[in-house]
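S.K.: The structure's right below; bear with me while I get my questions together.
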Amino acid sequence: MNVTIPLVNNPAPHNQSKTNRYGGVYKSKRELAYITELEQAINKLHIQERYTEQYLTVRYTFGIKPPKSWSIKKTTQALEQTILPTNKTIGDIDNIIKSTQDVLMRTNIIDDDSNIVNLSAIKIYSPEPFVQIEVQEYERYRHT
């Protein structure tokens, strides 16, 4: 499976630091919006692939829209990937991966994310937000 999903808002991280008064963890509004948008988009694609008990390789590309407040010069640098998204408000890449993998499991594309044995991800700036998801069976590479 290899899909690119355009988004309305930037991908959002899973945030385990938000707790209610009873100590329970809850999702931020931003994360809930991302999860809902991504889940609806995946469901509309009617993806037939299902990954159950095999070892998996997963690659993510997260497209982040530059802030409107940036200068034309800085926005151009971002879109040329001279600078990459590291701002704390965007979120750590591992937490964005967690939110995305939750959706892959909710939509039954991946049975269990513990089957992922090879993972890569990158955050880049793009004119519009998106997420590209590539899932395939893990292939063992032989080095000679």
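Residue numbering restarts at 1 for every chain of the structure tokens, chains are lettered A, B, ... in their displayed order, and ligands are numbered from 1 as they appear.
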Residues at most 8 Å from Lys98 (chain A), counting only C-alpha atoms, excluding those fewer than 3 positions away in the same chain, as number ranges by chain?
M.R.: A: 13-14, 94-95, 101-102
S.K.: Residues near region 62-72 of chain A, anyone? I mean within 8 Å using only C-alpha atoms, not counting same-chain ones fewer than 2 positions away, as JSON, numbers by chain.
M.R.: {"A": [10, 11, 60, 74, 75, 76, 78, 85, 121, 122, 123, 124, 125, 126, 127, 128, 129, 130, 131, 132]}
S.K.: Generate the output file for the selected residues, N, CA and C atoms, as a short mmCIF file (atom, residue, chain, number, x, y, z; two decimals), in the first residue's frame.
M.R.:
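And here's result-v8.cif as it stands now:
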```cif
data_model
loop_
_atom_site.label_atom_id
_atom_site.label_comp_id
_atom_site.auth_asym_id
_atom_site.auth_seq_id
_atom_site.Cartn_x
_atom_site.Cartn_y
_atom_site.Cartn_z
N ASN A 10 -2.39 20.43 9.51
CA ASN A 10 -1.13 19.70 9.66
C ASN A 10 -1.33 18.43 10.49
N PRO A 11 -0.53 17.40 10.21
CA PRO A 11 -0.55 16.21 11.08
C PRO A 11 -0.29 16.62 12.53
N TYR A 60 6.73 6.86 6.41
CA TYR A 60 5.83 8.01 6.48
C TYR A 60 6.54 9.26 5.97
N LYS A 74 11.57 33.05 4.03
CA LYS A 74 11.61 31.86 4.90
C LYS A 74 10.66 30.78 4.39
N THR A 75 9.50 31.16 3.88
CA THR A 75 8.56 30.19 3.32
C THR A 75 9.17 29.50 2.11
N THR A 76 9.85 30.26 1.28
CA THR A 76 10.52 29.68 0.10
C THR A 76 11.58 28.68 0.53
N ALA A 78 11.62 26.99 3.25
CA ALA A 78 10.92 25.82 3.80
C ALA A 78 10.42 24.92 2.67
N PRO A 85 10.86 21.15 9.43
CA PRO A 85 10.03 21.47 10.59
C PRO A 85 10.55 20.86 11.90
N ALA A 121 10.54 7.78 8.84
CA ALA A 121 9.61 8.90 8.74
C ALA A 121 10.39 10.19 8.56
N ILE A 122 9.75 11.14 7.90
CA ILE A 122 10.33 12.46 7.72
C ILE A 122 9.22 13.50 7.77
N LYS A 123 9.54 14.65 8.35
CA LYS A 123 8.66 15.81 8.31
C LYS A 123 9.28 16.80 7.33
N ILE A 124 8.48 17.27 6.40
CA ILE A 124 8.94 18.28 5.45
C ILE A 124 7.90 19.38 5.36
N TYR A 125 8.32 20.54 4.88
CA TYR A 125 7.34 21.59 4.59
C TYR A 125 6.79 21.37 3.21
N SER A 126 5.51 21.66 3.04
CA SER A 126 4.86 21.53 1.74
C SER A 126 3.80 22.64 1.62
N PRO A 127 3.39 22.96 0.39
CA PRO A 127 2.39 24.02 0.21
C PRO A 127 1.08 23.72 0.95
N GLU A 128 0.72 22.45 1.00
CA GLU A 128 -0.48 22.02 1.71
C GLU A 128 -0.13 20.80 2.57
N PRO A 129 -0.81 20.63 3.70
CA PRO A 129 -0.52 19.48 4.56
C PRO A 129 -0.92 18.16 3.89
N PHE A 130 -0.16 17.12 4.20
CA PHE A 130 -0.47 15.78 3.70
C PHE A 130 0.26 14.76 4.55
N VAL A 131 -0.13 13.50 4.35
CA VAL A 131 0.62 12.39 4.91
C VAL A 131 0.71 11.33 3.82
N GLN A 132 1.92 10.83 3.61
CA GLN A 132 2.13 9.72 2.69
C GLN A 132 2.46 8.51 3.54
#
```
S.K.: Closest to Leu45 (chain A) among A:Ser114, A:Thr86, A:Thr100, A:Thr4, using only C-alpha atoms?
M.R.: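 Ranked by minimum distance to Leu45 (chain A), first place goes to A:Thr4.
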S.K.: A:Asn43, A:Thr89, A:Ser99, A:Thr82: which is nearest Lys27 (chain A), counting only C-alpha atoms?
M.R.: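 Nearest to Lys27 (chain A): A:Ser99.
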S.K.: Find the residues near Ala33 (chain A): any atom within 9 Å, counting only C-alpha atoms, skip ones fewer than 4 places away on the same chain, and give them as a PyMOL selection string.
M.R.: chain A and resi 9+12+28-29+37-38
S.K.: Please identify the strand (DSSP E) residues within chain A (assignment by DSSP from backbone atoms) and present them as an MDAnalysis selection string.
M.R.: chainID A and resid 2:6 56:64 116:125 130:137
S.K.: Looking at A:Ser120, A:Asn20, A:Thr57, A:Gln48, which one is nearest to Ile93 (chain A), with distances taken over only C-alpha atoms?
M.R.: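 Of all the options, A:Ser120 lies closest to Ile93 (chain A).
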S.K.: I need the residues of chain A that end up classed as helix (DSSP H, G or I) by DSSP on the backbone, written out as an MDAnalysis selection string.
M.R.: chainID A and resid 29:45 72:79 93:106 113:115
